[in-house]
Amino acid sequence: MPSSPPDSRPLVELRAVTKSYAEGDSVREVLSGTSLALHRGEFVVLLGRSGSGKSTLLNLISGIDQATHGEILVEGRDLGRLPERDRTLLRRERIGFIFQAFNLLPTLTVEENVRLPLELLGRSGAEASARARELLGRVGLETRANSFPDRLSGGEQQRVAVARALAHSPPLLLADEPTGNLDEETGGQVLDLLEGLTRQGNACALIVTHEPAMAARADRVLTLEHGRLVDRPGGARGRGTT
Ligand SMILES: Nc1ncnc2c1ncn2[C@@H]1O[C@H](COP(=O)(O)OP(=O)(O)OP(=O)(O)O)[C@@H](O)[C@H]1O
């Protein structure tokens, strides 16, 4: 039987996923039978009103939270069937996460922050340092390696967070409003970086944002409305970047 090419399988697959939360005596359904497939090489934007479930979706895909019904597969592995320990490992090895609030550890230097994902995977020493320095170079912060995060501007901190999320070359990058705390110009620079590094590494980025203008640079635009995902092509498709 012919084997399929390695990248033909979706990186992430949601099959009829429902997520509900108890709210007093009633139940609030945030996702209602949502299905989705994401592939390597895709730069995807996720839009939706406040409270529509964008962070919930990221938390489900990263295995931080669990679906009420349905299946979520990352590289073919069904998160609902994995023991907690394996879910944690999968998250560490295969996913990079960027938060709106940067979430850098204040007691670690910039370089130590970027090394952290590698240390958690048991890769320390010279190799981890070299990788951290390389990434800091790519985000334009090689001279700040020994600074502490509170000495950096918001945009610089977010660039460190981008470097940290990519340190272990994860195929999947999840970003929850990564430019929410930045001015327009700095936010644009962080997005350029995210897009460039994601495309270079043939990874998939799923980026939550409140800025509809970001749709112009995406391959796909997902919009969460009343628990359902509307999936349409983004502006990058027309430019032939995929
Ligand atoms: N752990 C929880 N327990 C109960 N309800 C929750 C929980 N987490 C999220 N919710 C509810 O689920 C809904 C979706 O929340 P979520 O944070 O995913 O929305 P969002 O689209 O990311 O919003 P925002 O754009 O404001 O960040 C909200 O009504 C929220 O109150």
# chains A, B, ... in the order shown; residues from 1 in each chain; ligands from 1
$ residues_near_ligand --ligand "ligand 1" --cutoff "10 Å" --atoms "only C-alpha atoms and all ligand atoms" --output "PyMOL selection string"
chain A and resi 19-24+27-31+46-60+65+100+176-177+208-210+224-225+227
$ write_last_selection --atoms "N, CA and C atoms" --output "compact mmCIF listing (two decimals), in the first residue's frame"
# COMPACT_ATOMS: atom_id res chain seq x y z
N LYS A 19 -17.78 22.17 24.01
CA LYS A 19 -17.23 22.53 25.33
C LYS A 19 -18.29 23.32 26.10
N SER A 20 -18.64 22.81 27.26
CA SER A 20 -19.65 23.47 28.08
C SER A 20 -19.08 23.76 29.46
N TYR A 21 -19.56 24.83 30.04
CA TYR A 21 -19.22 25.15 31.43
C TYR A 21 -20.51 25.23 32.24
N ALA A 22 -20.44 24.76 33.48
CA ALA A 22 -21.60 24.91 34.37
C ALA A 22 -21.66 26.37 34.80
N GLU A 23 -22.87 26.94 34.77
CA GLU A 23 -23.05 28.32 35.18
C GLU A 23 -24.24 28.34 36.15
N GLY A 24 -23.94 28.24 37.43
CA GLY A 24 -25.03 28.10 38.40
C GLY A 24 -25.77 26.80 38.13
N VAL A 27 -26.12 25.35 32.05
CA VAL A 27 -24.88 24.99 31.37
C VAL A 27 -24.67 25.96 30.22
N ARG A 28 -23.44 26.47 30.11
CA ARG A 28 -23.16 27.40 29.00
C ARG A 28 -22.30 26.66 27.98
N GLU A 29 -22.80 26.55 26.75
CA GLU A 29 -22.06 25.84 25.70
C GLU A 29 -21.23 26.85 24.92
N VAL A 30 -19.91 26.75 25.05
CA VAL A 30 -19.03 27.71 24.39
C VAL A 30 -18.70 27.25 22.97
N LEU A 31 -18.46 25.95 22.79
CA LEU A 31 -18.26 25.39 21.45
C LEU A 31 -19.34 24.34 21.22
N LEU A 46 -7.58 33.78 14.33
CA LEU A 46 -8.85 33.42 14.97
C LEU A 46 -9.49 34.69 15.55
N LEU A 47 -10.63 35.05 15.00
CA LEU A 47 -11.36 36.24 15.43
C LEU A 47 -12.62 35.81 16.18
N GLY A 48 -13.22 36.76 16.86
CA GLY A 48 -14.48 36.48 17.56
C GLY A 48 -14.68 37.49 18.66
N ARG A 49 -15.93 37.76 18.97
CA ARG A 49 -16.21 38.75 20.02
C ARG A 49 -15.68 38.27 21.36
N SER A 50 -15.56 39.20 22.27
CA SER A 50 -15.14 38.86 23.62
C SER A 50 -16.11 37.82 24.20
N GLY A 51 -15.55 36.76 24.76
CA GLY A 51 -16.40 35.72 25.35
C GLY A 51 -16.89 34.68 24.36
N SER A 52 -16.44 34.78 23.09
CA SER A 52 -16.93 33.83 22.08
C SER A 52 -16.25 32.47 22.19
N GLY A 53 -15.14 32.39 22.93
CA GLY A 53 -14.52 31.08 23.16
C GLY A 53 -13.15 30.90 22.53
N LYS A 54 -12.50 32.01 22.15
CA LYS A 54 -11.21 31.90 21.46
C LYS A 54 -10.14 31.28 22.37
N SER A 55 -10.03 31.80 23.61
CA SER A 55 -9.02 31.24 24.53
C SER A 55 -9.38 29.80 24.87
N THR A 56 -10.66 29.54 25.00
CA THR A 56 -11.10 28.17 25.30
C THR A 56 -10.60 27.23 24.20
N LEU A 57 -10.73 27.65 22.95
CA LEU A 57 -10.29 26.81 21.84
C LEU A 57 -8.78 26.55 21.91
N LEU A 58 -8.00 27.60 22.20
CA LEU A 58 -6.55 27.41 22.31
C LEU A 58 -6.22 26.45 23.46
N ASN A 59 -6.93 26.63 24.58
CA ASN A 59 -6.66 25.77 25.74
C ASN A 59 -7.00 24.31 25.45
N LEU A 60 -8.03 24.09 24.64
CA LEU A 60 -8.39 22.72 24.28
C LEU A 60 -7.33 22.11 23.37
N ASP A 65 -7.05 22.25 28.74
CA ASP A 65 -8.44 22.00 29.10
C ASP A 65 -8.94 20.82 28.26
N GLN A 100 -0.76 37.17 25.72
CA GLN A 100 -0.86 38.63 25.60
C GLN A 100 0.05 39.31 26.62
N ASP A 176 -2.21 33.88 22.00
CA ASP A 176 -3.47 34.46 22.49
C ASP A 176 -3.31 35.98 22.60
N GLU A 177 -3.79 36.68 21.61
CA GLU A 177 -3.67 38.13 21.53
C GLU A 177 -2.24 38.60 21.78
N VAL A 208 -4.90 34.31 17.99
CA VAL A 208 -6.12 35.00 18.42
C VAL A 208 -5.87 36.50 18.38
N THR A 209 -6.79 37.22 17.80
CA THR A 209 -6.63 38.66 17.75
C THR A 209 -7.98 39.36 17.72
N HIS A 210 -7.98 40.62 18.10
CA HIS A 210 -9.19 41.43 17.96
C HIS A 210 -9.07 42.35 16.76
N LEU A 224 -15.18 32.74 15.39
CA LEU A 224 -16.07 32.01 16.30
C LEU A 224 -17.34 32.82 16.49
N GLU A 225 -18.44 32.21 16.14
CA GLU A 225 -19.75 32.89 16.28
C GLU A 225 -20.73 31.91 16.86
N GLY A 227 -20.59 29.70 19.09
CA GLY A 227 -20.12 28.33 19.28
C GLY A 227 -19.70 27.61 18.02
$ residues_around --residues "Met214 (chain A)" --least-positions-apart "5" --cutoff "12 Å" --atoms "only C-alpha atoms" --output "count of residues only"
25
$ residues_around --residues "Gly154 (chain A)" --least-positions-apart "2" --cutoff "9 Å" --atoms "only C-alpha atoms" --output "PyMOL selection string"
chain A and resi 102+152+156-159+181-182+186
$ atom_distance --atom1 "CA of Asp183 (chain A)" --atom2 "CA of Val230 (chain A)"
28.3 Å
$ atom_distance --atom1 "CA of Pro170 (chain A)" --atom2 "CA of Glu93 (chain A)"
6.5 Å
$ residues_around --residues "Val110 (chain A)" --least-positions-apart "6" --cutoff "10 Å" --atoms "only C-alpha atoms" --output "VMD selection string"
chain A and resid 104 132 to 133 136 141 to 142 144 to 152 157 160 to 161 163 to 164
$ write_last_selection --atoms "C-alpha atoms" --output "PDB file, in the first residue's frame"
ATOM      1  CA  LEU A 104       8.272  35.918  31.046  1.00  0.00           C
ATOM      2  CA  ALA A 132      18.731  30.716  22.682  1.00  0.00           C
ATOM      3  CA  ARG A 133      21.384  33.109  21.337  1.00  0.00           C
ATOM      4  CA  LEU A 136      17.568  36.168  20.229  1.00  0.00           C
ATOM      5  CA  LEU A 141      17.767  41.114  20.898  1.00  0.00           C
ATOM      6  CA  GLU A 142      21.158  39.443  20.976  1.00  0.00           C
ATOM      7  CA  ARG A 144      19.934  41.921  25.722  1.00  0.00           C
ATOM      8  CA  ALA A 145      20.572  38.249  26.566  1.00  0.00           C
ATOM      9  CA  ASN A 146      21.742  39.030  30.107  1.00  0.00           C
ATOM     10  CA  SER A 147      19.078  41.628  30.921  1.00  0.00           C
ATOM     11  CA  PHE A 148      16.104  40.894  33.101  1.00  0.00           C
ATOM     12  CA  PRO A 149      12.650  41.207  31.496  1.00  0.00           C
ATOM     13  CA  ASP A 150      11.653  44.288  33.522  1.00  0.00           C
ATOM     14  CA  ARG A 151      14.452  46.245  31.791  1.00  0.00           C
ATOM     15  CA  LEU A 152      12.844  45.647  28.388  1.00  0.00           C
ATOM     16  CA  GLN A 157       9.444  41.424  25.989  1.00  0.00           C
ATOM     17  CA  VAL A 160      11.576  37.394  23.814  1.00  0.00           C
ATOM     18  CA  ALA A 161       8.287  35.513  24.256  1.00  0.00           C
ATOM     19  CA  ALA A 163      11.855  33.463  20.746  1.00  0.00           C
ATOM     20  CA  ARG A 164      10.937  31.341  23.774  1.00  0.00           C
TER      21      ARG A 164
END
$ closest_residue --among "A:Leu172, A:Thr107, A:Phe97, A:Leu116" --to "Thr198 (chain A)" --atoms "only C-alpha atoms"
A:Leu172
$ atom_distance --atom1 "CA of Ser62 (chain A)" --atom2 "CA of Asp231 (chain A)"
20.2 Å
$ select_by_dssp --residues "region 3-182 of chain A" --states "strand (DSSP E)" --output "number ranges by chain"
A: 12-23, 26-38, 43-48, 69-74, 77-78, 95-99, 172-176
$ write_last_selection --atoms "N, CA and C atoms" --output "compact mmCIF listing (two decimals), in the first residue's frame"
# COMPACT_ATOMS: atom_id res chain seq x y z
N VAL A 12 -3.45 19.48 13.47
CA VAL A 12 -4.49 19.55 14.51
C VAL A 12 -5.82 19.19 13.88
N GLU A 13 -6.59 18.39 14.57
CA GLU A 13 -7.92 18.07 14.07
C GLU A 13 -8.93 18.11 15.22
N LEU A 14 -9.99 18.85 14.99
CA LEU A 14 -11.11 18.85 15.95
C LEU A 14 -12.26 18.14 15.27
N ARG A 15 -12.84 17.16 15.96
CA ARG A 15 -13.97 16.44 15.39
C ARG A 15 -15.17 16.62 16.30
N ALA A 16 -16.11 17.42 15.82
CA ALA A 16 -17.38 17.64 16.53
C ALA A 16 -17.16 17.94 18.01
N VAL A 17 -16.34 18.96 18.27
CA VAL A 17 -15.98 19.28 19.65
C VAL A 17 -17.01 20.21 20.30
N THR A 18 -17.46 19.79 21.45
CA THR A 18 -18.35 20.61 22.26
C THR A 18 -17.64 20.93 23.57
N LYS A 19 -17.78 22.17 24.01
CA LYS A 19 -17.23 22.53 25.33
C LYS A 19 -18.29 23.32 26.10
N SER A 20 -18.64 22.81 27.26
CA SER A 20 -19.65 23.47 28.08
C SER A 20 -19.08 23.76 29.46
N TYR A 21 -19.56 24.83 30.04
CA TYR A 21 -19.22 25.15 31.43
C TYR A 21 -20.51 25.23 32.24
N ALA A 22 -20.44 24.76 33.48
CA ALA A 22 -21.60 24.91 34.37
C ALA A 22 -21.66 26.37 34.80
N GLU A 23 -22.87 26.94 34.77
CA GLU A 23 -23.05 28.32 35.18
C GLU A 23 -24.24 28.34 36.15
N SER A 26 -27.41 26.26 35.35
CA SER A 26 -27.51 25.98 33.91
C SER A 26 -26.13 25.64 33.33
N VAL A 27 -26.12 25.35 32.05
CA VAL A 27 -24.88 24.99 31.37
C VAL A 27 -24.67 25.96 30.22
N ARG A 28 -23.44 26.47 30.11
CA ARG A 28 -23.16 27.40 29.00
C ARG A 28 -22.30 26.66 27.98
N GLU A 29 -22.80 26.55 26.75
CA GLU A 29 -22.06 25.84 25.70
C GLU A 29 -21.23 26.85 24.92
N VAL A 30 -19.91 26.75 25.05
CA VAL A 30 -19.03 27.71 24.39
C VAL A 30 -18.70 27.25 22.97
N LEU A 31 -18.46 25.95 22.79
CA LEU A 31 -18.26 25.39 21.45
C LEU A 31 -19.34 24.34 21.22
N SER A 32 -19.95 24.40 20.03
CA SER A 32 -21.09 23.53 19.76
C SER A 32 -20.81 22.64 18.55
N GLY A 33 -20.13 21.54 18.76
CA GLY A 33 -19.90 20.62 17.64
C GLY A 33 -18.97 21.19 16.59
N THR A 34 -17.84 21.74 17.05
CA THR A 34 -16.89 22.41 16.14
C THR A 34 -15.92 21.41 15.51
N SER A 35 -15.76 21.50 14.20
CA SER A 35 -14.78 20.65 13.52
C SER A 35 -13.79 21.54 12.77
N LEU A 36 -12.55 21.07 12.68
CA LEU A 36 -11.49 21.92 12.12
C LEU A 36 -10.26 21.07 11.83
N ALA A 37 -9.55 21.41 10.74
CA ALA A 37 -8.25 20.77 10.50
C ALA A 37 -7.24 21.87 10.19
N LEU A 38 -6.10 21.83 10.88
CA LEU A 38 -5.01 22.79 10.63
C LEU A 38 -3.79 22.01 10.14
N PHE A 43 -0.75 29.93 8.29
CA PHE A 43 -0.75 31.06 9.22
C PHE A 43 -2.22 31.45 9.37
N VAL A 44 -2.78 31.15 10.55
CA VAL A 44 -4.23 31.20 10.72
C VAL A 44 -4.60 32.21 11.81
N VAL A 45 -5.58 33.04 11.52
CA VAL A 45 -6.04 34.03 12.47
C VAL A 45 -7.39 33.60 13.03
N LEU A 46 -7.58 33.78 14.33
CA LEU A 46 -8.85 33.42 14.97
C LEU A 46 -9.49 34.69 15.55
N LEU A 47 -10.63 35.05 15.00
CA LEU A 47 -11.36 36.24 15.43
C LEU A 47 -12.62 35.81 16.18
N GLY A 48 -13.22 36.76 16.86
CA GLY A 48 -14.48 36.48 17.56
C GLY A 48 -14.68 37.49 18.66
N HIS A 69 -17.37 16.97 24.73
CA HIS A 69 -17.63 15.89 23.77
C HIS A 69 -16.75 16.11 22.56
N GLY A 70 -16.56 15.04 21.80
CA GLY A 70 -15.79 15.14 20.55
C GLY A 70 -14.32 14.82 20.77
N GLU A 71 -13.57 14.88 19.68
CA GLU A 71 -12.16 14.49 19.74
C GLU A 71 -11.26 15.62 19.26
N ILE A 72 -10.10 15.74 19.91
CA ILE A 72 -9.07 16.68 19.46
C ILE A 72 -7.79 15.90 19.26
N LEU A 73 -7.27 15.95 18.04
CA LEU A 73 -6.06 15.20 17.73
C LEU A 73 -4.93 16.17 17.38
N VAL A 74 -3.76 15.94 17.95
CA VAL A 74 -2.57 16.69 17.58
C VAL A 74 -1.58 15.67 17.03
N ARG A 77 -2.68 12.21 17.49
CA ARG A 77 -2.86 11.66 18.84
C ARG A 77 -4.08 12.29 19.52
N ASP A 78 -4.99 11.46 19.94
CA ASP A 78 -6.25 11.92 20.53
C ASP A 78 -6.00 12.38 21.98
N ILE A 95 4.30 22.13 21.04
CA ILE A 95 3.55 23.39 20.99
C ILE A 95 4.36 24.53 21.59
N GLY A 96 4.28 25.68 20.95
CA GLY A 96 4.82 26.91 21.53
C GLY A 96 3.65 27.83 21.82
N PHE A 97 3.64 28.47 22.98
CA PHE A 97 2.49 29.30 23.39
C PHE A 97 2.98 30.72 23.63
N ILE A 98 2.25 31.69 23.08
CA ILE A 98 2.57 33.10 23.34
C ILE A 98 1.33 33.76 23.92
N PHE A 99 1.52 34.45 25.04
CA PHE A 99 0.39 35.07 25.74
C PHE A 99 0.41 36.57 25.53
N LEU A 172 3.61 23.54 16.10
CA LEU A 172 2.37 24.29 16.33
C LEU A 172 2.62 25.45 17.27
N LEU A 173 2.22 26.63 16.82
CA LEU A 173 2.38 27.83 17.63
C LEU A 173 1.00 28.40 17.92
N LEU A 174 0.69 28.56 19.20
CA LEU A 174 -0.60 29.12 19.60
C LEU A 174 -0.33 30.47 20.25
N ALA A 175 -1.02 31.50 19.80
CA ALA A 175 -0.78 32.84 20.37
C ALA A 175 -2.11 33.47 20.74
N ASP A 176 -2.21 33.88 22.00
CA ASP A 176 -3.47 34.46 22.49
C ASP A 176 -3.31 35.98 22.60
$ select_by_dssp --residues "region 106-224 of chain A" --states "helix (DSSP H, G or I)" --output "ChimeraX atom specification"
/A:110-120,125-138,142-144,149-151,154-166,184-200,212-217
$ write_last_selection --atoms "C-alpha atoms" --output "PDB file, in the first residue's frame"
ATOM      1  CA  VAL A 110      16.241  37.009  28.782  1.00  0.00           C
ATOM      2  CA  GLU A 111      18.471  34.147  27.664  1.00  0.00           C
ATOM      3  CA  GLU A 112      17.362  31.927  30.536  1.00  0.00           C
ATOM      4  CA  ASN A 113      13.727  32.583  29.635  1.00  0.00           C
ATOM      5  CA  VAL A 114      14.356  31.500  26.048  1.00  0.00           C
ATOM      6  CA  ARG A 115      16.281  28.420  27.209  1.00  0.00           C
ATOM      7  CA  LEU A 116      13.454  27.306  29.468  1.00  0.00           C
ATOM      8  CA  PRO A 117      11.490  25.143  26.987  1.00  0.00           C
ATOM      9  CA  LEU A 118      14.746  23.368  26.114  1.00  0.00           C
ATOM     10  CA  GLU A 119      15.661  22.810  29.764  1.00  0.00           C
ATOM     11  CA  LEU A 120      12.215  21.325  30.381  1.00  0.00           C
ATOM     12  CA  GLY A 125      24.214  23.410  28.545  1.00  0.00           C
ATOM     13  CA  ALA A 126      25.991  24.760  25.498  1.00  0.00           C
ATOM     14  CA  GLU A 127      23.452  23.476  22.974  1.00  0.00           C
ATOM     15  CA  ALA A 128      20.558  25.260  24.716  1.00  0.00           C
ATOM     16  CA  SER A 129      22.600  28.453  25.076  1.00  0.00           C
ATOM     17  CA  ALA A 130      23.553  28.438  21.422  1.00  0.00           C
ATOM     18  CA  ARG A 131      19.943  27.929  20.358  1.00  0.00           C
ATOM     19  CA  ALA A 132      18.731  30.716  22.682  1.00  0.00           C
ATOM     20  CA  ARG A 133      21.384  33.109  21.337  1.00  0.00           C
ATOM     21  CA  GLU A 134      20.504  32.213  17.763  1.00  0.00           C
ATOM     22  CA  LEU A 135      16.820  32.966  18.354  1.00  0.00           C
ATOM     23  CA  LEU A 136      17.568  36.168  20.229  1.00  0.00           C
ATOM     24  CA  GLY A 137      19.587  37.202  17.182  1.00  0.00           C
ATOM     25  CA  ARG A 138      16.639  36.477  14.937  1.00  0.00           C
ATOM     26  CA  GLU A 142      21.158  39.443  20.976  1.00  0.00           C
ATOM     27  CA  THR A 143      22.620  42.283  23.023  1.00  0.00           C
ATOM     28  CA  ARG A 144      19.934  41.921  25.722  1.00  0.00           C
ATOM     29  CA  PRO A 149      12.650  41.207  31.496  1.00  0.00           C
ATOM     30  CA  ASP A 150      11.653  44.288  33.522  1.00  0.00           C
ATOM     31  CA  ARG A 151      14.452  46.245  31.791  1.00  0.00           C
ATOM     32  CA  GLY A 154       6.705  45.716  26.003  1.00  0.00           C
ATOM     33  CA  GLY A 155       7.612  45.052  22.383  1.00  0.00           C
ATOM     34  CA  GLU A 156      11.016  43.678  23.363  1.00  0.00           C
ATOM     35  CA  GLN A 157       9.444  41.424  25.989  1.00  0.00           C
ATOM     36  CA  GLN A 158       7.015  40.077  23.438  1.00  0.00           C
ATOM     37  CA  ARG A 159       9.901  39.393  21.031  1.00  0.00           C
ATOM     38  CA  VAL A 160      11.576  37.394  23.814  1.00  0.00           C
ATOM     39  CA  ALA A 161       8.287  35.513  24.256  1.00  0.00           C
ATOM     40  CA  VAL A 162       8.271  34.745  20.514  1.00  0.00           C
ATOM     41  CA  ALA A 163      11.855  33.463  20.746  1.00  0.00           C
ATOM     42  CA  ARG A 164      10.937  31.341  23.774  1.00  0.00           C
ATOM     43  CA  ALA A 165       7.885  29.853  22.059  1.00  0.00           C
ATOM     44  CA  LEU A 166      10.031  28.835  19.086  1.00  0.00           C
ATOM     45  CA  GLU A 184       0.222  49.376  16.473  1.00  0.00           C
ATOM     46  CA  GLU A 185       3.729  49.720  15.085  1.00  0.00           C
ATOM     47  CA  THR A 186       5.381  47.450  17.654  1.00  0.00           C
ATOM     48  CA  GLY A 187       2.525  44.953  17.309  1.00  0.00           C
ATOM     49  CA  GLY A 188       3.063  44.944  13.554  1.00  0.00           C
ATOM     50  CA  GLN A 189       6.765  44.170  14.038  1.00  0.00           C
ATOM     51  CA  VAL A 190       5.976  41.275  16.388  1.00  0.00           C
ATOM     52  CA  LEU A 191       3.503  39.890  13.853  1.00  0.00           C
ATOM     53  CA  ASP A 192       6.037  40.197  11.022  1.00  0.00           C
ATOM     54  CA  LEU A 193       8.431  38.196  13.129  1.00  0.00           C
ATOM     55  CA  LEU A 194       5.862  35.580  14.067  1.00  0.00           C
ATOM     56  CA  GLU A 195       4.764  35.176  10.493  1.00  0.00           C
ATOM     57  CA  GLY A 196       8.311  34.998   9.139  1.00  0.00           C
ATOM     58  CA  LEU A 197       9.559  32.493  11.685  1.00  0.00           C
ATOM     59  CA  THR A 198       6.438  30.334  11.383  1.00  0.00           C
ATOM     60  CA  ARG A 199       6.676  30.193   7.605  1.00  0.00           C
ATOM     61  CA  GLN A 200      10.438  29.570   7.701  1.00  0.00           C
ATOM     62  CA  PRO A 212      -9.667  42.255  11.737  1.00  0.00           C
ATOM     63  CA  ALA A 213      -6.821  43.856   9.728  1.00  0.00           C
ATOM     64  CA  MET A 214      -4.713  40.821  10.534  1.00  0.00           C
ATOM     65  CA  ALA A 215      -6.888  38.809   8.186  1.00  0.00           C
ATOM     66  CA  ALA A 216      -4.954  40.394   5.332  1.00  0.00           C
ATOM     67  CA  ARG A 217      -1.759  38.503   6.184  1.00  0.00           C
TER      68      ARG A 217
END
